[in-house]
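Asks: The structure is given below, and queries will be raised subsequently.
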Amino acid sequence: MSEIVRRDPRREWIARNRLHPEHERVLAELGQSAGHGMAATEWMGPNGVIRKNPHAVGFIGPNGIKRIDRSGVQQAAAAGRGASAGSKAADERRQVIIEAPDFLVAVVPDLPGGRLSSHDRDLLGLARQLADADGERPGAVLAVVFGQADVEGYGEAGIDRLLVLEGDDIDGYAPEARLAALTAVDGEFAPRHWLLPDSKLGGADLGRRLAARLGERPAAGVWQVERDATCALGWRCTGRGAAGTSDIQRALPRVVLALAECAEPVSETRHAARPLALSQPLPPLLGRIEDLGQVAVDPAGVALSEAEFILSAGNGVKDWDGFHQAAEVLGATEGASRVAVDDGFMPRHRQVGATGTWVTARVYVAVGISGAIQHLQGIQSCDKVVAINLDPGCDMIKRADLAVIGDSASILAALVEMVQRQREEKRDAA
Amino acid sequence: MRPDAQTTGARNTGAQSTSAQQDGALEVAVLVSVGRHPVTGRARRADQDARGVELALSLAGARISLLHAGALDEESESALRGYLGMGFPALTLVEQLPGADVIPALADRLSAARPQLVIAGERAEQGEGSGMLPYLLAERLGWPLVGGLAAVEKVENGVATLLQALPRGQRRRLQVRLPAIVTVDAAAAAARQSAFGPAQRGEIEAESAAVEWDEAQPEWNVTPARKRPKRLKIVKAASARDRFKAAAAKAEGGSGQVLTDVTPEQGAEAIFKLLKDEGVLR
């Protein structure tokens, strides 16, 4: 294009004249950056100077006052109303496809509840670190999962190849069958590294079995991995030893049992998670360990800090018999806010919050708790919070995933009745 | 293959003699190690191994033997007497030098004594403490292994019914064919106190065994545990406004569903549905 700025004096005049009937249209033409139907805020003037229209800047806020957002977030969102902001954020991540990997890094995630845990994601981040270290000859991250083929977000977590092992004999607690499957994977794909979570959920057990079977000396409790060219695999690791009281630094072995937060999870790239399969079916195995299933445990006996489902009472609870009965019927562990404990309705060891116990429940039901900041701290790591309260403006309602405004006693009674009715129906059907 | 701890890392089992097997009693071997007090650093009976001894004592009609592989010196002797004080007349010590790999010696001892059940702690409190010892023994002996036990419910006809501890206080029931190796979880019953008199009267029967050196361990760099760096919250924001918003943000909220003006039944139904979806109702 030519360097000369072409002038159209008539259009300039219209752009200056706010009373001209074509003023808006001309402004829109001048400001090409703005979307259709919107007044332009900036355009190139006749002498190459940027001109601004301050009247077109900003938007009318909720109270009828004009607001100007200098970050440009609102304008961009308003401009591209068709293209949603969510897809834009997803596109920022780089898609990585590794066609011919130089080597494989095998990861066996725990997948508690069929989802990648944060520990699994950290481990996959570590695997990516090992695989991507040499930009010329990248490796691929191979995830070996047991019977969870349809989990969302495998690619986002940094998995290049996905090997799903299925079968009746590897469901439940079947360490021997799983070990046989992993040994078959090792024989076929020969990954350079095996990474497993050093967690009670199964990774610690399976990883040690695998190391013993492969005849490798594993590094347990690894929390740091660094490059070191003098080591055999090119890496050095630091792991906890002696029940967590010492740090052992050594060359990275082939089998690694890593702690949580051993590396940053993958966030900037997306990967293919291309399915792989074993060439031969797994041979049948005579298991010597038989899983008889989970045992029902008394929820009152479970420590508050590790309970999975907590029904917690606060100042709003007046009907304590009804509350205890609800906890029993629902099979929930009982918790309490500080007020309920101070007033003598609940024992001290049931107190949840900064001065009591920090709980990690998956589901936390707060009955009549308004949510003091100390209490909210205590339930920080809970997944789902349900609030039952009379006051719709309290802090617990803001934190809750589901809040029901109403009288706690009658809601709990209705809930108990519903659970009992459903159990009876199930019994009748059976 | 490798020791779990330098000096005492291994736990050992001591099956006393083969004659016991004839009268049908359950032969149980408990591998015990020398622990280390987390604050004072003194040698003591290891917590998990003591729980393993307690588990063995809870078995009716069991013939229990204690086995340890490691060096015998003043410190380890006082620690091992802690186990004797739980009510045992003797403990078998397979003598190994510091820095030796105790697994071959232990495996030989176990395959000779052939106990029905071998109980070990999860990991040693000294040395490498990788928790590999029971796994390597199981691999060598070809016995099944069950980790993280809370209790042994019963042993009948060569099959043991076990209660395994899971995270969050849950339990799983398993059946395993004997002989087997089991490890004890921290959820198992706490060990009884060690009595001073029986501890002093008890006998430590030392046996000599061939020593295999652990080649890899001297190459490692072992330091006292460093505090792990706390993970920082990484904010990936393009503009200063986003960074400020992330820094000043209160606890997440606003996304939750709020039900106002509902009957108790409707509210209860919504809660019931959430509890069902999360799978916490049995």
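Ligands are numbered from 1 in the order shown, chains are lettered A, B, ... in the order of the structure tokens, and residues start at 1 in each chain.
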Hey, what's within 12 Å of Gly142 (chain B) if we count only C-alpha atoms and toss same-chain stuff fewer than 5 positions away? As a count of residues only, please?

Replies: 15

Asks: Please, which residues of chain B lie no more than 6 Å from chain A when the count uses only C-alpha atoms, and can they be set out as a ChimeraX atom specification?

Replies: /B:125-130,136,168-169,171-177,220-225,253-254,256-260,264-265,267-268

Asks: Let's see if you can do this: from backbone DSSP, list all strand (DSSP E or B) residues in region 157-380 of chain A, as a PDB file with N, CA and C atoms, in the first residue's frame.

Replies:
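Output (out_32.pdb):
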ATOM      1  N   ARG A 161      -0.115 -40.468  24.691  1.00  0.00           N
ATOM      2  CA  ARG A 161      -0.617 -41.792  24.335  1.00  0.00           C
ATOM      3  C   ARG A 161      -1.384 -42.335  25.522  1.00  0.00           C
ATOM      4  N   LEU A 162      -2.491 -42.984  25.214  1.00  0.00           N
ATOM      5  CA  LEU A 162      -3.353 -43.486  26.283  1.00  0.00           C
ATOM      6  C   LEU A 162      -3.551 -44.976  26.083  1.00  0.00           C
ATOM      7  N   LEU A 163      -3.229 -45.726  27.116  1.00  0.00           N
ATOM      8  CA  LEU A 163      -3.426 -47.174  27.051  1.00  0.00           C
ATOM      9  C   LEU A 163      -4.452 -47.549  28.114  1.00  0.00           C
ATOM     10  N   VAL A 164      -5.616 -47.977  27.678  1.00  0.00           N
ATOM     11  CA  VAL A 164      -6.686 -48.333  28.616  1.00  0.00           C
ATOM     12  C   VAL A 164      -6.704 -49.846  28.747  1.00  0.00           C
ATOM     13  N   LEU A 165      -6.554 -50.307  29.981  1.00  0.00           N
ATOM     14  CA  LEU A 165      -6.604 -51.746  30.232  1.00  0.00           C
ATOM     15  C   LEU A 165      -7.941 -52.052  30.874  1.00  0.00           C
ATOM     16  N   HIS A 193      10.958 -44.324  31.483  1.00  0.00           N
ATOM     17  CA  HIS A 193      10.655 -44.043  32.890  1.00  0.00           C
ATOM     18  C   HIS A 193       9.290 -44.614  33.229  1.00  0.00           C
ATOM     19  N   TRP A 194       9.167 -45.042  34.456  1.00  0.00           N
ATOM     20  CA  TRP A 194       7.860 -45.405  35.016  1.00  0.00           C
ATOM     21  C   TRP A 194       7.595 -44.442  36.156  1.00  0.00           C
ATOM     22  N   LEU A 195       6.520 -43.683  36.090  1.00  0.00           N
ATOM     23  CA  LEU A 195       6.198 -42.761  37.179  1.00  0.00           C
ATOM     24  C   LEU A 195       4.879 -43.187  37.813  1.00  0.00           C
ATOM     25  N   LEU A 196       4.881 -43.314  39.139  1.00  0.00           N
ATOM     26  CA  LEU A 196       3.647 -43.639  39.856  1.00  0.00           C
ATOM     27  C   LEU A 196       3.515 -42.716  41.052  1.00  0.00           C
ATOM     28  N   PRO A 197       2.284 -42.397  41.423  1.00  0.00           N
ATOM     29  CA  PRO A 197       2.106 -41.565  42.613  1.00  0.00           C
ATOM     30  C   PRO A 197       2.392 -42.361  43.870  1.00  0.00           C
ATOM     31  N   ALA A 219      13.027 -45.084  43.357  1.00  0.00           N
ATOM     32  CA  ALA A 219      13.193 -43.955  44.262  1.00  0.00           C
ATOM     33  C   ALA A 219      11.803 -43.638  44.796  1.00  0.00           C
ATOM     34  N   ALA A 220      11.641 -43.687  46.127  1.00  0.00           N
ATOM     35  CA  ALA A 220      10.330 -43.442  46.721  1.00  0.00           C
ATOM     36  C   ALA A 220      10.291 -42.038  47.306  1.00  0.00           C
ATOM     37  N   GLY A 221       9.094 -41.499  47.379  1.00  0.00           N
ATOM     38  CA  GLY A 221       8.908 -40.180  47.983  1.00  0.00           C
ATOM     39  C   GLY A 221       9.647 -39.074  47.265  1.00  0.00           C
ATOM     40  N   VAL A 222       9.746 -39.157  45.948  1.00  0.00           N
ATOM     41  CA  VAL A 222      10.497 -38.158  45.189  1.00  0.00           C
ATOM     42  C   VAL A 222       9.707 -36.858  45.128  1.00  0.00           C
ATOM     43  N   TRP A 223      10.378 -35.748  45.390  1.00  0.00           N
ATOM     44  CA  TRP A 223       9.674 -34.464  45.314  1.00  0.00           C
ATOM     45  C   TRP A 223      10.427 -33.455  44.473  1.00  0.00           C
ATOM     46  N   GLN A 224      11.599 -33.813  43.968  1.00  0.00           N
ATOM     47  CA  GLN A 224      12.320 -32.866  43.124  1.00  0.00           C
ATOM     48  C   GLN A 224      13.143 -33.645  42.104  1.00  0.00           C
ATOM     49  N   VAL A 225      13.138 -33.173  40.875  1.00  0.00           N
ATOM     50  CA  VAL A 225      13.913 -33.806  39.810  1.00  0.00           C
ATOM     51  C   VAL A 225      14.670 -32.714  39.072  1.00  0.00           C
ATOM     52  N   GLU A 226      15.988 -32.929  38.893  1.00  0.00           N
ATOM     53  CA  GLU A 226      16.799 -31.920  38.200  1.00  0.00           C
ATOM     54  C   GLU A 226      17.622 -32.605  37.120  1.00  0.00           C
ATOM     55  N   ARG A 227      18.054 -31.827  36.136  1.00  0.00           N
ATOM     56  CA  ARG A 227      18.924 -32.365  35.090  1.00  0.00           C
ATOM     57  C   ARG A 227      20.319 -32.573  35.664  1.00  0.00           C
ATOM     58  N   TRP A 235      19.191 -37.488  34.722  1.00  0.00           N
ATOM     59  CA  TRP A 235      18.424 -36.759  35.727  1.00  0.00           C
ATOM     60  C   TRP A 235      18.873 -37.168  37.117  1.00  0.00           C
ATOM     61  N   ARG A 236      18.675 -36.257  38.045  1.00  0.00           N
ATOM     62  CA  ARG A 236      18.974 -36.508  39.452  1.00  0.00           C
ATOM     63  C   ARG A 236      17.684 -36.232  40.223  1.00  0.00           C
ATOM     64  N   CYS A 237      17.440 -36.977  41.273  1.00  0.00           N
ATOM     65  CA  CYS A 237      16.186 -36.741  42.009  1.00  0.00           C
ATOM     66  C   CYS A 237      16.457 -36.637  43.496  1.00  0.00           C
ATOM     67  N   THR A 238      15.566 -35.967  44.180  1.00  0.00           N
ATOM     68  CA  THR A 238      15.616 -35.876  45.632  1.00  0.00           C
ATOM     69  C   THR A 238      14.336 -36.461  46.177  1.00  0.00           C
ATOM     70  N   GLY A 239      14.491 -37.401  47.093  1.00  0.00           N
ATOM     71  CA  GLY A 239      13.307 -38.038  47.660  1.00  0.00           C
ATOM     72  C   GLY A 239      13.431 -38.135  49.160  1.00  0.00           C
ATOM     73  N   ARG A 240      12.294 -38.306  49.812  1.00  0.00           N
ATOM     74  CA  ARG A 240      12.287 -38.449  51.259  1.00  0.00           C
ATOM     75  C   ARG A 240      12.691 -39.875  51.629  1.00  0.00           C
ATOM     76  N   GLY A 241      13.462 -40.001  52.694  1.00  0.00           N
ATOM     77  CA  GLY A 241      13.823 -41.306  53.195  1.00  0.00           C
ATOM     78  C   GLY A 241      13.608 -41.341  54.693  1.00  0.00           C
ATOM     79  N   SER A 246      14.686 -37.671  56.281  1.00  0.00           N
ATOM     80  CA  SER A 246      15.916 -37.351  55.555  1.00  0.00           C
ATOM     81  C   SER A 246      15.612 -37.184  54.075  1.00  0.00           C
ATOM     82  N   ASP A 247      16.510 -36.494  53.399  1.00  0.00           N
ATOM     83  CA  ASP A 247      16.414 -36.309  51.960  1.00  0.00           C
ATOM     84  C   ASP A 247      17.521 -37.120  51.311  1.00  0.00           C
ATOM     85  N   ILE A 248      17.164 -37.928  50.323  1.00  0.00           N
ATOM     86  CA  ILE A 248      18.172 -38.732  49.627  1.00  0.00           C
ATOM     87  C   ILE A 248      18.291 -38.203  48.209  1.00  0.00           C
ATOM     88  N   GLN A 249      19.501 -37.815  47.844  1.00  0.00           N
ATOM     89  CA  GLN A 249      19.731 -37.331  46.489  1.00  0.00           C
ATOM     90  C   GLN A 249      20.496 -38.397  45.720  1.00  0.00           C
ATOM     91  N   ARG A 250      20.007 -38.750  44.575  1.00  0.00           N
ATOM     92  CA  ARG A 250      20.640 -39.821  43.809  1.00  0.00           C
ATOM     93  C   ARG A 250      20.247 -39.710  42.341  1.00  0.00           C
ATOM     94  N   ALA A 251      20.884 -40.539  41.526  1.00  0.00           N
ATOM     95  CA  ALA A 251      20.527 -40.564  40.103  1.00  0.00           C
ATOM     96  C   ALA A 251      19.105 -41.075  39.977  1.00  0.00           C
ATOM     97  N   VAL A 255      12.164 -46.558  37.849  1.00  0.00           N
ATOM     98  CA  VAL A 255      10.840 -46.520  38.476  1.00  0.00           C
ATOM     99  C   VAL A 255      10.859 -45.445  39.559  1.00  0.00           C
ATOM    100  N   VAL A 256       9.937 -44.522  39.474  1.00  0.00           N
ATOM    101  CA  VAL A 256       9.902 -43.395  40.401  1.00  0.00           C
ATOM    102  C   VAL A 256       8.532 -43.344  41.056  1.00  0.00           C
ATOM    103  N   LEU A 257       8.538 -43.247  42.383  1.00  0.00           N
ATOM    104  CA  LEU A 257       7.293 -43.029  43.135  1.00  0.00           C
ATOM    105  C   LEU A 257       7.365 -41.603  43.647  1.00  0.00           C
ATOM    106  N   ALA A 258       6.523 -40.746  43.126  1.00  0.00           N
ATOM    107  CA  ALA A 258       6.667 -39.324  43.416  1.00  0.00           C
ATOM    108  C   ALA A 258       5.556 -38.838  44.331  1.00  0.00           C
ATOM    109  N   THR A 269      -0.198 -26.355  27.272  1.00  0.00           N
ATOM    110  CA  THR A 269      -0.284 -27.110  26.022  1.00  0.00           C
ATOM    111  C   THR A 269      -1.421 -28.118  26.099  1.00  0.00           C
ATOM    112  N   ARG A 270      -1.846 -28.528  24.924  1.00  0.00           N
ATOM    113  CA  ARG A 270      -2.820 -29.606  24.835  1.00  0.00           C
ATOM    114  C   ARG A 270      -2.184 -30.743  24.064  1.00  0.00           C
ATOM    115  N   HIS A 271      -2.530 -31.944  24.413  1.00  0.00           N
ATOM    116  CA  HIS A 271      -1.887 -33.107  23.794  1.00  0.00           C
ATOM    117  C   HIS A 271      -2.939 -34.042  23.212  1.00  0.00           C
ATOM    118  N   ARG A 274      -3.639 -40.041  22.212  1.00  0.00           N
ATOM    119  CA  ARG A 274      -3.978 -41.004  21.164  1.00  0.00           C
ATOM    120  C   ARG A 274      -4.033 -42.407  21.765  1.00  0.00           C
ATOM    121  N   PRO A 275      -5.075 -43.164  21.468  1.00  0.00           N
ATOM    122  CA  PRO A 275      -5.183 -44.486  22.112  1.00  0.00           C
ATOM    123  C   PRO A 275      -4.169 -45.489  21.576  1.00  0.00           C
ATOM    124  N   LEU A 276      -3.659 -46.285  22.472  1.00  0.00           N
ATOM    125  CA  LEU A 276      -2.756 -47.388  22.132  1.00  0.00           C
ATOM    126  C   LEU A 276      -3.404 -48.669  22.650  1.00  0.00           C
ATOM    127  N   ILE A 289      -5.289 -63.186  45.872  1.00  0.00           N
ATOM    128  CA  ILE A 289      -5.939 -62.219  46.758  1.00  0.00           C
ATOM    129  C   ILE A 289      -7.336 -61.976  46.221  1.00  0.00           C
ATOM    130  N   GLU A 290      -8.328 -62.127  47.080  1.00  0.00           N
ATOM    131  CA  GLU A 290      -9.706 -61.944  46.636  1.00  0.00           C
ATOM    132  C   GLU A 290     -10.298 -60.735  47.340  1.00  0.00           C
ATOM    133  N   ASP A 291     -10.922 -59.861  46.551  1.00  0.00           N
ATOM    134  CA  ASP A 291     -11.520 -58.641  47.092  1.00  0.00           C
ATOM    135  C   ASP A 291     -12.961 -58.938  47.473  1.00  0.00           C
ATOM    136  N   LEU A 292     -13.284 -58.791  48.750  1.00  0.00           N
ATOM    137  CA  LEU A 292     -14.655 -59.037  49.197  1.00  0.00           C
ATOM    138  C   LEU A 292     -15.447 -57.739  49.295  1.00  0.00           C
ATOM    139  N   GLY A 293     -14.889 -56.646  48.854  1.00  0.00           N
ATOM    140  CA  GLY A 293     -15.641 -55.387  48.818  1.00  0.00           C
ATOM    141  C   GLY A 293     -15.440 -54.535  50.052  1.00  0.00           C
ATOM    142  N   GLN A 294     -15.931 -53.303  49.953  1.00  0.00           N
ATOM    143  CA  GLN A 294     -15.762 -52.363  51.056  1.00  0.00           C
ATOM    144  C   GLN A 294     -16.673 -52.715  52.215  1.00  0.00           C
ATOM    145  N   VAL A 295     -16.227 -52.374  53.379  1.00  0.00           N
ATOM    146  CA  VAL A 295     -16.962 -52.658  54.598  1.00  0.00           C
ATOM    147  C   VAL A 295     -17.615 -51.360  55.066  1.00  0.00           C
ATOM    148  N   PHE A 309     -17.867 -37.282  54.289  1.00  0.00           N
ATOM    149  CA  PHE A 309     -19.187 -36.645  54.234  1.00  0.00           C
ATOM    150  C   PHE A 309     -19.494 -36.144  55.640  1.00  0.00           C
ATOM    151  N   ILE A 310     -19.598 -34.836  55.788  1.00  0.00           N
ATOM    152  CA  ILE A 310     -19.770 -34.235  57.113  1.00  0.00           C
ATOM    153  C   ILE A 310     -21.073 -33.464  57.147  1.00  0.00           C
ATOM    154  N   LEU A 311     -21.834 -33.679  58.206  1.00  0.00           N
ATOM    155  CA  LEU A 311     -23.028 -32.881  58.481  1.00  0.00           C
ATOM    156  C   LEU A 311     -22.674 -32.024  59.690  1.00  0.00           C
ATOM    157  N   SER A 312     -22.655 -30.720  59.492  1.00  0.00           N
ATOM    158  CA  SER A 312     -22.113 -29.848  60.516  1.00  0.00           C
ATOM    159  C   SER A 312     -23.195 -28.904  61.021  1.00  0.00           C
ATOM    160  N   ALA A 313     -23.197 -28.684  62.335  1.00  0.00           N
ATOM    161  CA  ALA A 313     -24.260 -27.889  62.947  1.00  0.00           C
ATOM    162  C   ALA A 313     -23.705 -26.608  63.527  1.00  0.00           C
ATOM    163  N   THR A 333     -20.561 -38.051  59.090  1.00  0.00           N
ATOM    164  CA  THR A 333     -19.829 -37.736  60.300  1.00  0.00           C
ATOM    165  C   THR A 333     -20.296 -36.367  60.800  1.00  0.00           C
ATOM    166  N   GLU A 334     -20.447 -36.239  62.115  1.00  0.00           N
ATOM    167  CA  GLU A 334     -20.957 -34.977  62.652  1.00  0.00           C
ATOM    168  C   GLU A 334     -19.831 -33.977  62.870  1.00  0.00           C
ATOM    169  N   GLY A 335     -20.105 -32.746  62.518  1.00  0.00           N
ATOM    170  CA  GLY A 335     -19.186 -31.654  62.796  1.00  0.00           C
ATOM    171  C   GLY A 335     -19.957 -30.543  63.466  1.00  0.00           C
ATOM    172  N   ALA A 336     -19.243 -29.480  63.876  1.00  0.00           N
ATOM    173  CA  ALA A 336     -19.933 -28.376  64.540  1.00  0.00           C
ATOM    174  C   ALA A 336     -19.136 -27.102  64.358  1.00  0.00           C
ATOM    175  N   GLN A 351     -15.270 -29.840  66.498  1.00  0.00           N
ATOM    176  CA  GLN A 351     -15.291 -28.465  65.988  1.00  0.00           C
ATOM    177  C   GLN A 351     -14.525 -28.351  64.674  1.00  0.00           C
ATOM    178  N   VAL A 352     -15.155 -27.728  63.692  1.00  0.00           N
ATOM    179  CA  VAL A 352     -14.541 -27.505  62.387  1.00  0.00           C
ATOM    180  C   VAL A 352     -14.108 -26.046  62.311  1.00  0.00           C
ATOM    181  N   THR A 357     -10.718 -28.495  63.658  1.00  0.00           N
ATOM    182  CA  THR A 357     -10.134 -29.381  62.666  1.00  0.00           C
ATOM    183  C   THR A 357     -10.290 -28.782  61.268  1.00  0.00           C
ATOM    184  N   VAL A 363     -18.106 -33.853  50.578  1.00  0.00           N
ATOM    185  CA  VAL A 363     -19.389 -33.148  50.698  1.00  0.00           C
ATOM    186  C   VAL A 363     -19.514 -32.645  52.130  1.00  0.00           C
ATOM    187  N   TYR A 364     -19.778 -31.363  52.274  1.00  0.00           N
ATOM    188  CA  TYR A 364     -19.892 -30.750  53.586  1.00  0.00           C
ATOM    189  C   TYR A 364     -21.243 -30.052  53.649  1.00  0.00           C
ATOM    190  N   VAL A 365     -22.083 -30.494  54.559  1.00  0.00           N
ATOM    191  CA  VAL A 365     -23.411 -29.894  54.695  1.00  0.00           C
ATOM    192  C   VAL A 365     -23.405 -29.035  55.952  1.00  0.00           C
ATOM    193  N   ALA A 366     -23.548 -27.729  55.785  1.00  0.00           N
ATOM    194  CA  ALA A 366     -23.524 -26.794  56.908  1.00  0.00           C
ATOM    195  C   ALA A 366     -24.956 -26.428  57.258  1.00  0.00           C
ATOM    196  N   VAL A 367     -25.387 -26.827  58.449  1.00  0.00           N
ATOM    197  CA  VAL A 367     -26.763 -26.578  58.874  1.00  0.00           C
ATOM    198  C   VAL A 367     -26.735 -25.434  59.886  1.00  0.00           C
TER     199      VAL A 367
END

Asks: Name the closest residue to Glu42 (chain A) among the candidates A:Val317, A:Ile60, A:Ala15, A:Leu206; distances are taken between atoms, counting only C-alpha atoms.

Replies: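 Selected residue with least distance to Glu42 (chain A): A:Ala15.
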
Asks: Leaving out Leu80 (chain B) and any residue of its chain fewer than 5 positions from it, which residues lie within 10 Å of it when counting only C-alpha atoms, given as a ChimeraX atom specification?

Replies: /B:32-35,43-46,66-68,72,75,85,91,93,199,202,204

Asks: Next, dump the selected residues to file, keeping only C-alpha atoms, as a compact mmCIF listing (two decimals), in the first residue's frame.

Replies:
# COMPACT_ATOMS: atom_id res chain seq x y z
CA VAL B 32 10.85 -55.85 63.52
CA SER B 33 13.28 -53.01 62.99
CA VAL B 34 15.01 -50.40 65.06
CA GLY B 35 13.10 -47.15 64.83
CA ALA B 43 16.71 -45.54 68.73
CA ARG B 44 13.35 -46.95 69.79
CA ARG B 45 10.98 -49.70 68.78
CA ALA B 46 9.55 -48.64 65.43
CA LEU B 66 10.13 -61.91 66.17
CA LEU B 67 12.85 -61.54 63.60
CA HIS B 68 15.31 -58.75 63.05
CA LEU B 72 23.72 -55.72 67.44
CA GLU B 75 21.43 -48.70 70.82
CA GLY B 85 8.74 -56.09 76.64
CA LEU B 91 13.83 -62.54 69.54
CA LEU B 93 18.57 -61.60 65.32
CA ALA B 199 12.22 -56.62 78.24
CA GLY B 202 14.04 -61.54 77.22
CA ILE B 204 18.17 -61.93 71.86

Asks: Using Å and a single decimal, report how far CA of Ile4 (chain A) sits from CA of Leu27 (chain A).

Replies: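 These two atoms are separated by 21.0 Å.
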
Asks: Could you please determine the separation between CA of Thr355 (chain A) and CA of Leu166 (chain B) in Å, to one decimal place?

Replies: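 Pair CA of Thr355 (chain A) / CA of Leu166 (chain B) returns 27.1 Å.
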
Asks: Can you tell me which residues surround Ala277 (chain A) at a distance of at most 12 Å, considering only C-alpha atoms, apart from same-chain residues fewer than 4 positions away, and format the answer as a PDB file with C-alpha atoms, in the first residue's frame?

Replies:
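Now in selection.pdb:
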ATOM      1  CA  LEU A 142       2.079 -42.731  27.993  1.00  0.00           C
ATOM      2  CA  ALA A 143      -0.702 -43.001  30.549  1.00  0.00           C
ATOM      3  CA  VAL A 144      -1.735 -46.493  31.584  1.00  0.00           C
ATOM      4  CA  VAL A 145      -5.219 -46.409  33.081  1.00  0.00           C
ATOM      5  CA  ARG A 161      -0.617 -41.792  24.335  1.00  0.00           C
ATOM      6  CA  LEU A 162      -3.353 -43.486  26.283  1.00  0.00           C
ATOM      7  CA  LEU A 163      -3.426 -47.174  27.051  1.00  0.00           C
ATOM      8  CA  VAL A 164      -6.686 -48.333  28.616  1.00  0.00           C
ATOM      9  CA  LEU A 165      -6.604 -51.746  30.232  1.00  0.00           C
ATOM     10  CA  GLU A 166      -9.969 -53.298  30.812  1.00  0.00           C
ATOM     11  CA  ALA A 181      -0.760 -55.973  32.947  1.00  0.00           C
ATOM     12  CA  ALA A 184       3.111 -56.763  29.760  1.00  0.00           C
ATOM     13  CA  VAL A 185       3.147 -53.031  28.971  1.00  0.00           C
ATOM     14  CA  GLU A 188       5.881 -54.327  24.738  1.00  0.00           C
ATOM     15  CA  PHE A 189       6.600 -50.616  24.930  1.00  0.00           C
ATOM     16  CA  PRO A 281      -4.587 -59.951  25.259  1.00  0.00           C
ATOM     17  CA  LEU A 282      -3.553 -60.307  28.857  1.00  0.00           C
TER      18      LEU A 282
END

Asks: List every residue of region 24-254 of chain B that DSSP, applied to the backbone of this structure, places in helix (DSSP H, G or I), and write the result as a PyMOL selection string.

Replies: chain B and resi 47-57+74-84+103-113+133-141+167-169+196-201+217-219+240-248

Asks: Please report the interatomic distance between CA of Glu205 (chain B) and CA of Thr92 (chain B) in Å with one decimal.

Replies: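 Taking CA of Glu205 (chain B) as the start and CA of Thr92 (chain B) as the end point, the length is 4.9 Å.
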